[in-house]
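Student: Sharing model-v8.pdb, PDB, C-alpha atoms:
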ATOM      1  CA  MET A   1      23.500 183.221  30.017
ATOM      2  CA  SER A   2      26.728 183.404  31.991
ATOM      3  CA  GLN A   3      29.209 180.490  31.946
ATOM      4  CA  GLN A   4      30.860 179.388  35.254
ATOM      5  CA  MET A   5      34.489 178.270  35.313
ATOM      6  CA  TYR A   6      35.524 175.329  37.538
ATOM      7  CA  GLY A   7      39.114 174.911  38.714
ATOM      8  CA  PRO A   8      40.956 172.513  41.049
ATOM      9  CA  PRO A   9      39.922 172.673  44.711
ATOM     10  CA  PRO A  10      42.182 174.702  46.973
ATOM     11  CA  GLN A  11      44.911 172.681  48.765
ATOM     12  CA  THR A  12      45.394 172.796  52.510
ATOM     13  CA  GLY A  13      48.501 171.911  54.553
ATOM     14  CA  ALA A  14      52.154 171.555  53.517
ATOM     15  CA  PRO A  15      52.897 170.044  50.130
ATOM     16  CA  VAL A  16      54.250 166.447  50.084
ATOM     17  CA  PRO A  17      57.328 165.910  47.943
ATOM     18  CA  PRO A  18      56.571 163.358  45.284
ATOM     19  CA  ASN A  19      59.865 161.420  45.902
ATOM     20  CA  ALA A  20      59.886 161.262  49.768
ATOM     21  CA  LEU A  21      61.546 158.044  51.166
ATOM     22  CA  PRO A  22      60.987 156.342  54.550
ATOM     23  CA  PRO A  23      63.804 156.728  57.123
ATOM     24  CA  ARG A  24      66.622 154.186  56.801
ATOM     25  CA  ASN A  25      67.236 153.221  60.435
ATOM     26  CA  GLY A  26      68.729 149.762  59.854
ATOM     27  CA  LEU A  27      72.359 150.665  60.529
ATOM     28  CA  GLY A  28      71.647 152.289  63.876
ATOM     29  CA  THR A  29      69.431 149.422  65.014
ATOM     30  CA  ALA A  30      71.989 146.807  63.966
ATOM     31  CA  ALA A  31      74.740 148.743  65.758
ATOM     32  CA  LEU A  32      72.780 148.730  69.018
ATOM     33  CA  ILE A  33      71.950 145.016  68.814
ATOM     34  CA  LEU A  34      75.519 143.986  67.969
ATOM     35  CA  GLY A  35      76.880 146.277  70.671
ATOM     36  CA  ILE A  36      74.716 144.661  73.343
ATOM     37  CA  ILE A  37      75.623 141.134  72.206
ATOM     38  CA  GLY A  38      79.298 142.110  72.024
ATOM     39  CA  VAL A  39      79.281 143.378  75.619
ATOM     40  CA  VAL A  40      77.708 140.127  76.820
ATOM     41  CA  MET A  41      80.153 137.956  74.857
ATOM     42  CA  GLY A  42      83.071 140.061  76.032
ATOM     43  CA  VAL A  43      82.664 138.886  79.627
ATOM     44  CA  ILE A  44      82.246 135.169  78.840
ATOM     45  CA  PRO A  45      85.479 133.118  79.072
ATOM     46  CA  PHE A  46      86.554 131.553  75.766
ATOM     47  CA  MET A  47      83.895 133.644  73.950
ATOM     48  CA  PHE A  48      85.570 137.020  74.482
ATOM     49  CA  TRP A  49      87.024 137.000  70.962
ATOM     50  CA  LEU A  50      83.512 137.066  69.495
ATOM     51  CA  GLY A  51      82.651 140.051  71.686
ATOM     52  CA  GLY A  52      85.620 141.961  70.282
ATOM     53  CA  ILE A  53      84.609 141.266  66.685
ATOM     54  CA  LEU A  54      80.992 142.267  67.290
ATOM     55  CA  GLY A  55      82.157 145.413  69.096
ATOM     56  CA  ILE A  56      84.195 146.559  66.100
ATOM     57  CA  ILE A  57      81.269 145.939  63.749
ATOM     58  CA  ALA A  58      78.903 147.797  66.116
ATOM     59  CA  LEU A  59      81.236 150.806  66.176
ATOM     60  CA  ILE A  60      81.400 150.970  62.376
ATOM     61  CA  LEU A  61      77.640 150.588  61.931
ATOM     62  CA  GLY A  62      76.926 153.095  64.695
ATOM     63  CA  LEU A  63      79.095 155.776  63.109
ATOM     64  CA  SER A  64      77.517 155.101  59.721
ATOM     65  CA  GLY A  65      74.045 155.342  61.270
ATOM     66  CA  ARG A  66      74.885 158.704  62.857
ATOM     67  CA  GLY A  67      76.036 159.956  59.468
ATOM     68  CA  LYS A  68      72.732 158.968  57.885
ATOM     69  CA  ALA A  69      70.842 160.686  60.709
ATOM     70  CA  LYS A  70      72.786 163.923  60.157
ATOM     71  CA  ARG A  71      71.938 163.823  56.450
ATOM     72  CA  GLY A  72      68.280 163.304  57.243
ATOM     73  CA  GLU A  73      68.218 159.759  55.887
ATOM     74  CA  ALA A  74      67.542 158.205  59.317
ATOM     75  CA  THR A  75      65.676 159.225  62.443
ATOM     76  CA  ASN A  76      67.368 157.053  65.105
ATOM     77  CA  LYS A  77      70.476 159.061  65.846
ATOM     78  CA  GLY A  78      70.292 158.122  69.535
ATOM     79  CA  THR A  79      70.139 154.407  68.760
ATOM     80  CA  ALA A  80      73.117 154.667  66.416
ATOM     81  CA  THR A  81      75.055 156.624  69.031
ATOM     82  CA  ALA A  82      74.347 153.974  71.670
ATOM     83  CA  GLY A  83      75.612 151.261  69.312
ATOM     84  CA  ALA A  84      78.756 153.276  68.559
ATOM     85  CA  VAL A  85      79.425 153.614  72.306
ATOM     86  CA  LEU A  86      78.758 149.961  73.148
ATOM     87  CA  GLY A  87      81.139 148.813  70.399
ATOM     88  CA  PRO A  88      84.351 150.094  72.072
ATOM     89  CA  VAL A  89      83.039 148.903  75.449
ATOM     90  CA  ALA A  90      82.669 145.373  74.036
ATOM     91  CA  VAL A  91      86.188 145.512  72.589
ATOM     92  CA  ALA A  92      87.650 146.665  75.918
ATOM     93  CA  LEU A  93      85.827 143.953  77.857
ATOM     94  CA  SER A  94      86.977 141.281  75.409
ATOM     95  CA  VAL A  95      90.600 142.364  75.820
ATOM     96  CA  VAL A  96      90.355 142.257  79.616
ATOM     97  CA  MET A  97      88.610 138.886  79.595
ATOM     98  CA  GLY A  98      91.182 137.539  77.140
ATOM     99  CA  VAL A  99      94.018 138.453  79.490
ATOM    100  CA  VAL A 100      92.176 136.959  82.474
ATOM    101  CA  THR A 101      91.381 133.749  80.574
ATOM    102  CA  PHE A 102      94.930 133.237  79.347
ATOM    103  CA  MET A 103      96.300 133.831  82.851
ATOM    104  CA  ALA A 104      93.818 131.350  84.328
ATOM    105  CA  VAL A 105      94.678 128.715  81.725
ATOM    106  CA  ASP A 106      98.393 129.256  82.306
ATOM    107  CA  ASP A 107      97.959 128.839  86.066
ATOM    108  CA  ALA A 108      95.875 125.697  85.555
ATOM    109  CA  VAL A 109      98.506 124.171  83.261
ATOM    110  CA  LYS A 110     101.227 124.944  85.795
ATOM    111  CA  GLU A 111      99.211 123.302  88.578
ATOM    112  CA  ILE A 112      98.600 120.213  86.439
ATOM    113  CA  ASN A 113     102.282 119.948  85.541
ATOM    114  CA  LYS A 114     103.216 120.378  89.183
ATOM    115  CA  SER A 115     100.776 117.677  90.252
ATOM    116  CA  VAL A 116     102.015 115.299  87.568
ATOM    117  CA  SER A 117     105.660 115.925  88.454
ATOM    118  CA  GLU A 118     104.935 115.224  92.122
ATOM    119  CA  THR A 119     103.135 111.946  91.471
ATOM    120  CA  ARG A 120     104.834 110.689  88.308
ATOM    121  CA  GLY A 121     106.783 107.501  88.563
ATOM    122  CA  LYS A 122     106.377 106.519  92.180
ATOM    123  CA  GLY A 123     109.402 104.293  92.567
ATOM    124  CA  ALA A 124     109.630 100.837  93.969
ATOM    125  CA  THR A 125     112.050  98.469  95.620
ATOM    126  CA  ALA A 126     111.731  94.718  95.584
ATOM    127  CA  GLU A 127     111.885  92.483  98.610
ATOM    128  CA  ASN A 128     112.893  88.905  97.958
ATOM    129  CA  GLY A 129     110.020  86.622  98.774
ATOM    130  CA  GLY A 130     111.920  83.434  98.148
ATOM    131  CA  GLY A 131     111.377  83.407  94.423
ATOM    132  CA  GLY A 132     114.902  84.413  93.476
ATOM    133  CA  GLY A 133     114.408  88.153  92.987
ATOM    134  CA  GLY A 134     117.047  90.428  94.481
ATOM    135  CA  LYS A 135     116.521  93.809  96.053
ATOM    136  CA  GLU A 136     116.396  96.890  93.848
ATOM    137  CA  LYS A 137     117.215 100.360  95.170
ATOM    138  CA  ALA A 138     115.105 103.310  94.169
ATOM    139  CA  GLY A 139     116.799 106.145  92.318
ATOM    140  CA  ASP A 140     117.136 109.696  93.589
ATOM    141  CA  ASP A 141     114.231 110.838  91.440
ATOM    142  CA  GLY A 142     111.907 108.367  93.124
ATOM    143  CA  ALA A 143     111.816 105.870  90.257
ATOM    144  CA  ALA A 144     113.401 102.481  90.617
ATOM    145  CA  ASP A 145     116.700 101.919  88.822
ATOM    146  CA  SER A 146     115.386  98.602  87.538
ATOM    147  CA  GLY A 147     112.469  96.281  88.022
ATOM    148  CA  ALA A 148     109.360  98.445  88.119
ATOM    149  CA  ALA A 149     110.920 101.261  86.136
ATOM    150  CA  GLY A 150     113.740  99.621  84.220
ATOM    151  CA  GLY A 151     112.077  96.688  82.481
ATOM    152  CA  GLU A 152     113.397  93.816  84.655
ATOM    153  CA  THR A 153     110.946  91.324  86.099
ATOM    154  CA  TYR A 154     110.462  89.911  89.568
ATOM    155  CA  ALA A 155     110.006  86.320  90.633
ATOM    156  CA  ALA A 156     106.915  84.769  92.156
ATOM    157  CA  GLY A 157     106.560  85.776  95.787
ATOM    158  CA  ASP A 158     108.639  88.962  95.464
ATOM    159  CA  THR A 159     107.118  92.070  97.027
ATOM    160  CA  VAL A 160     107.400  95.452  95.334
ATOM    161  CA  VAL A 161     107.460  98.368  97.780
ATOM    162  CA  TYR A 162     106.497 101.772  96.388
ATOM    163  CA  ASP A 163     107.650 105.108  97.751
ATOM    164  CA  ASP A 164     104.294 105.874  99.362
ATOM    165  CA  GLY A 165     104.309 102.612 101.334
ATOM    166  CA  VAL A 166     102.079 100.559  99.026
ATOM    167  CA  GLN A 167     103.354  96.985  98.673
ATOM    168  CA  VAL A 168     102.331  94.556  95.929
ATOM    169  CA  THR A 169     103.036  90.818  95.863
ATOM    170  CA  VAL A 170     102.215  88.254  93.165
ATOM    171  CA  SER A 171     102.097  84.642  94.314
ATOM    172  CA  ARG A 172     103.228  81.507  92.516
ATOM    173  CA  HIS A 173     100.831  80.297  89.874
ATOM    174  CA  THR A 174      98.561  77.298  90.242
ATOM    175  CA  ALA A 175      96.524  75.442  87.643
ATOM    176  CA  TYR A 176      92.929  76.582  87.428
ATOM    177  CA  THR A 177      89.828  74.916  86.033
ATOM    178  CA  PRO A 178      87.422  77.524  84.652
ATOM    179  CA  GLY A 179      83.715  77.124  85.301
ATOM    180  CA  GLU A 180      81.301  75.867  82.682
ATOM    181  CA  PHE A 181      80.209  79.374  81.732
ATOM    182  CA  ALA A 182      83.598  81.051  82.111
ATOM    183  CA  ILE A 183      84.440  84.024  79.919
ATOM    184  CA  GLY A 184      87.926  84.448  78.464
ATOM    185  CA  HIS A 185      88.921  80.778  78.316
ATOM    186  CA  THR A 186      89.564  79.049  74.986
ATOM    187  CA  LYS A 187      89.100  75.308  74.699
ATOM    188  CA  GLY A 188      92.476  73.583  74.441
ATOM    189  CA  ASN A 189      94.335  76.315  76.327
ATOM    190  CA  LYS A 190      95.507  76.089  79.906
ATOM    191  CA  ALA A 191      94.418  78.334  82.756
ATOM    192  CA  TYR A 192      96.556  79.526  85.655
ATOM    193  CA  LYS A 193      95.628  81.401  88.795
ATOM    194  CA  VAL A 194      97.701  83.893  90.793
ATOM    195  CA  THR A 195      96.985  85.800  93.970
ATOM    196  CA  VAL A 196      97.793  89.508  94.132
ATOM    197  CA  THR A 197      98.223  91.001  97.593
ATOM    198  CA  VAL A 198      98.254  94.727  98.324
ATOM    199  CA  VAL A 199      99.491  95.985 101.692
ATOM    200  CA  ASN A 200      99.185  99.648 102.590
ATOM    201  CA  LYS A 201     101.996 100.688 104.921
ATOM    202  CA  GLY A 202     101.727 104.328 103.973
ATOM    203  CA  LYS A 203      99.890 107.200 105.625
ATOM    204  CA  GLU A 204      97.108 107.695 103.081
ATOM    205  CA  LYS A 205      94.258 105.516 101.864
ATOM    206  CA  PHE A 206      95.033 103.534  98.722
ATOM    207  CA  ASP A 207      92.250 103.372  96.132
ATOM    208  CA  THR A 208      92.259 100.049  94.280
ATOM    209  CA  ALA A 209      89.883 101.308  91.573
ATOM    210  CA  LEU A 210      92.804 102.144  89.254
ATOM    211  CA  LEU A 211      94.803  98.974  89.983
ATOM    212  CA  THR A 212      95.075  96.739  86.922
ATOM    213  CA  VAL A 213      96.449  93.210  86.499
ATOM    214  CA  ASP A 214      97.361  91.921  83.026
ATOM    215  CA  ALA A 215      99.419  89.029  81.707
ATOM    216  CA  ARG A 216     101.331  87.833  78.655
ATOM    217  CA  ALA A 217     102.278  84.242  77.883
ATOM    218  CA  GLY A 218     105.169  82.618  76.042
ATOM    219  CA  LYS A 219     108.280  84.023  74.398
ATOM    220  CA  ASP A 220     106.245  86.012  71.886
ATOM    221  CA  GLY A 221     104.427  87.819  74.700
ATOM    222  CA  LYS A 222     100.944  86.944  73.503
ATOM    223  CA  THR A 223      98.242  88.548  75.624
ATOM    224  CA  ALA A 224      96.808  86.098  78.140
ATOM    225  CA  GLU A 225      93.101  86.784  78.413
ATOM    226  CA  SER A 226      91.657  87.285  81.875
ATOM    227  CA  ILE A 227      89.165  84.611  82.889
ATOM    228  CA  PHE A 228      85.881  85.507  84.525
ATOM    229  CA  ASP A 229      83.505  83.016  86.108
ATOM    230  CA  ASP A 230      81.495  82.612  89.291
ATOM    231  CA  LYS A 231      84.631  82.038  91.388
ATOM    232  CA  ILE A 232      87.260  84.396  90.023
ATOM    233  CA  GLY A 233      87.727  87.648  88.140
ATOM    234  CA  GLN A 234      86.066  90.137  90.466
ATOM    235  CA  GLY A 235      89.404  91.800  91.234
ATOM    236  CA  PHE A 236      89.863  94.539  93.826
ATOM    237  CA  ASN A 237      87.335  97.081  94.977
ATOM    238  CA  GLY A 238      87.218  99.907  97.487
ATOM    239  CA  THR A 239      90.134 101.430  99.360
ATOM    240  CA  VAL A 240      92.862 100.000 101.563
ATOM    241  CA  VAL A 241      93.404 102.062 104.699
ATOM    242  CA  PRO A 242      96.893 102.365 106.220
ATOM    243  CA  GLY A 243      97.979  99.175 107.935
ATOM    244  CA  ARG A 244      95.475  96.938 106.135
ATOM    245  CA  THR A 245      95.758  94.305 103.398
ATOM    246  CA  ALA A 246      93.654  93.464 100.345
ATOM    247  CA  THR A 247      93.869  90.246  98.326
ATOM    248  CA  ALA A 248      92.342  89.211  95.006
ATOM    249  CA  GLU A 249      92.723  86.225  92.697
ATOM    250  CA  PHE A 250      93.182  86.450  88.937
ATOM    251  CA  ALA A 251      93.146  83.687  86.319
ATOM    252  CA  PHE A 252      94.635  83.852  82.829
ATOM    253  CA  ASP A 253      94.145  81.825  79.670
ATOM    254  CA  THR A 254      97.458  80.689  78.119
ATOM    255  CA  PRO A 255      98.399  78.636  75.051
ATOM    256  CA  ALA A 256      99.062  74.991  75.858
ATOM    257  CA  GLY A 257     102.729  75.225  74.890
ATOM    258  CA  ALA A 258     103.567  78.431  76.772
ATOM    259  CA  LYS A 259     106.488  78.107  79.189
ATOM    260  CA  THR A 260     106.246  81.488  80.914
ATOM    261  CA  LEU A 261     103.561  83.798  82.207
ATOM    262  CA  GLU A 262     104.458  87.442  82.795
ATOM    263  CA  VAL A 263     102.081  89.197  85.168
ATOM    264  CA  GLU A 264     101.990  93.000  85.096
ATOM    265  CA  VAL A 265     100.500  94.970  87.983
ATOM    266  CA  SER A 266      99.916  98.715  87.783
ATOM    267  CA  PRO A 267      98.689 100.191  91.097
ATOM    268  CA  GLY A 268      97.507 103.358  89.335
ATOM    269  CA  TRP A 269      98.270 105.916  86.637
ATOM    270  CA  SER A 270     100.871 107.655  88.831
ATOM    271  CA  TYR A 271     102.792 104.433  89.582
ATOM    272  CA  ASN A 272     105.342 102.480  87.592
ATOM    273  CA  SER A 273     104.094  99.075  86.499
ATOM    274  CA  SER A 274     105.792  96.027  88.018
ATOM    275  CA  HIS A 275     106.328  92.698  86.244
ATOM    276  CA  TRP A 276     106.551  89.165  87.636
ATOM    277  CA  ASN A 277     107.934  86.377  85.440
ATOM    278  CA  LEU A 278     106.430  82.987  86.309
ATOM    279  CA  GLU A 279     107.878  79.740  84.955
ATOM    280  CA  LEU A 280     105.008  77.459  83.916
TER     281      LEU A 280
END
Would you mind writing the file out in structure tokens?
Tutor:
Amino acid sequence: MSQQMYGPPPQTGAPVPPNALPPRNGLGTAALILGIIGVVMGVIPFMFWLGGILGIIALILGLSGRGKAKRGEATNKGTATAGAVLGPVAVALSVVMGVVTFMAVDDAVKEINKSVSETRGKGATAENGGGGGGKEKAGDDGAADSGAAGGETYAAGDTVVYDDGVQVTVSRHTAYTPGEFAIGHTKGNKAYKVTVTVVNKGKEKFDTALLTVDARAGKDGKTAESIFDDKIGQGFNGTVVPGRTATAEFAFDTPAGAKTLEVEVSPGWSYNSSHWNLEL
């Protein structure tokens, strides 16, 4: 009886290497993603620096990805090439945007400085309103030699005239009785009221929104709190057109023994403050 021999079945197709690895396409993909983000960041003001950094990284990863593709370790040579191209583009855009941004910031700073220099320290002269204050001449730079800019004070009734035609007057003080629900008044202290008048003899509207009125009492210059009740404390509002006048009353809380009340009026951030010294 014959004996049959059995062997392994015949193989079909190409043999598969036992140690085959999947393609390593991570570098090329990362290069493309970072290149795209770098290009976008490169055209955004104040973010251009990030675009330059991402562009450099994309270039390095793209070149590394192309090397892997040439060695057969990756299959996305085109993706890696695109990332390597977008990297330098992102760097170039970031450089251009950096120059544009710095030029724009420099121009903006120059414009701000120019605006500040044109409006800084609007000077003032004082007109004697019968309170004993003499006239003060404005300096060549537009700021008053004394008074509003030099630290001297005016008397009640004196009018301060600013370079743009705005005039401010503080009246004599009068005793004031705060309302029952007044804010800012301390029991035992005295309250005094003054009237502040603003006349616009200039050519432009004057906005009273930035006008502030403060006071200090006594030799030690203790802050005199502003008093608010149903009759006083609303202050100014709106604008004063050329040729018109606005008036507001202010009341201040002072210690019982205070002999002086210094009222400070600032028409706005671009004006010098003016001071009136009132004898209580």
Student: Go through A:Val198, A:Val40, A:Ala258, A:Ala224 one by one, measure the shortest atom-to-atom distance of each to A:Met97 using only C-alpha atoms, and give the residue with the smallest value.
Tutor: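 With only C-alpha atoms as the atom set, the closest residue is A:Val40.
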Student: Could you name the residues that touch A:Val166 at 10 Å or less, counting all atoms listed in the file, but leaving out those on the same chain fewer than 6 positions away, as a ChimeraX atom specification?
Tutor: /A:124,160,198-206,240,242-243,245,267
Student: I'd like the contact shell of stretch 62-78 of chain A - 10 Å cut-off, only C-alpha atoms, skipping same-chain residues fewer than 6 positions apart - returned as a JSON list (two decimals) with C-alpha atoms, in the coordinates of the input.
Tutor:
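Contents of selection.json, freshly written:
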[["chain", "number", "residue", "atom", "x", "y", "z"],
["A", 21, "LEU", "CA", 61.55, 158.04, 51.17],
["A", 22, "PRO", "CA", 60.99, 156.34, 54.55],
["A", 23, "PRO", "CA", 63.80, 156.73, 57.12],
["A", 24, "ARG", "CA", 66.62, 154.19, 56.80],
["A", 25, "ASN", "CA", 67.24, 153.22, 60.44],
["A", 26, "GLY", "CA", 68.73, 149.76, 59.85],
["A", 27, "LEU", "CA", 72.36, 150.66, 60.53],
["A", 28, "GLY", "CA", 71.65, 152.29, 63.88],
["A", 29, "THR", "CA", 69.43, 149.42, 65.01],
["A", 30, "ALA", "CA", 71.99, 146.81, 63.97],
["A", 31, "ALA", "CA", 74.74, 148.74, 65.76],
["A", 32, "LEU", "CA", 72.78, 148.73, 69.02],
["A", 34, "LEU", "CA", 75.52, 143.99, 67.97],
["A", 35, "GLY", "CA", 76.88, 146.28, 70.67],
["A", 56, "ILE", "CA", 84.20, 146.56, 66.10],
["A", 84, "ALA", "CA", 78.76, 153.28, 68.56],
["A", 85, "VAL", "CA", 79.42, 153.61, 72.31],
["A", 86, "LEU", "CA", 78.76, 149.96, 73.15],
["A", 87, "GLY", "CA", 81.14, 148.81, 70.40]]
Student: By how many Å are atom CA of A:Leu261 and atom CA of A:Glu180 apart?
Tutor: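 If I compute the distance from atom CA of A:Leu261 to atom CA of A:Glu180, I get 23.6 Å.
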Student: My list of candidates is A:Gly268, A:Gly165, A:Gly238, A:Gly184. Which is closest to A:Val213 when distances are computed with all atoms listed in the file?
Tutor: A:Gly268
Student: May I ask which of the residues A:Ser274, A:Val96, A:Asp230, A:Phe236 is the closest one to A:Gln167, counting only C-alpha atoms?
Tutor: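 When distances to A:Gln167 are compared using only C-alpha atoms, the smallest one comes from A:Ser274.
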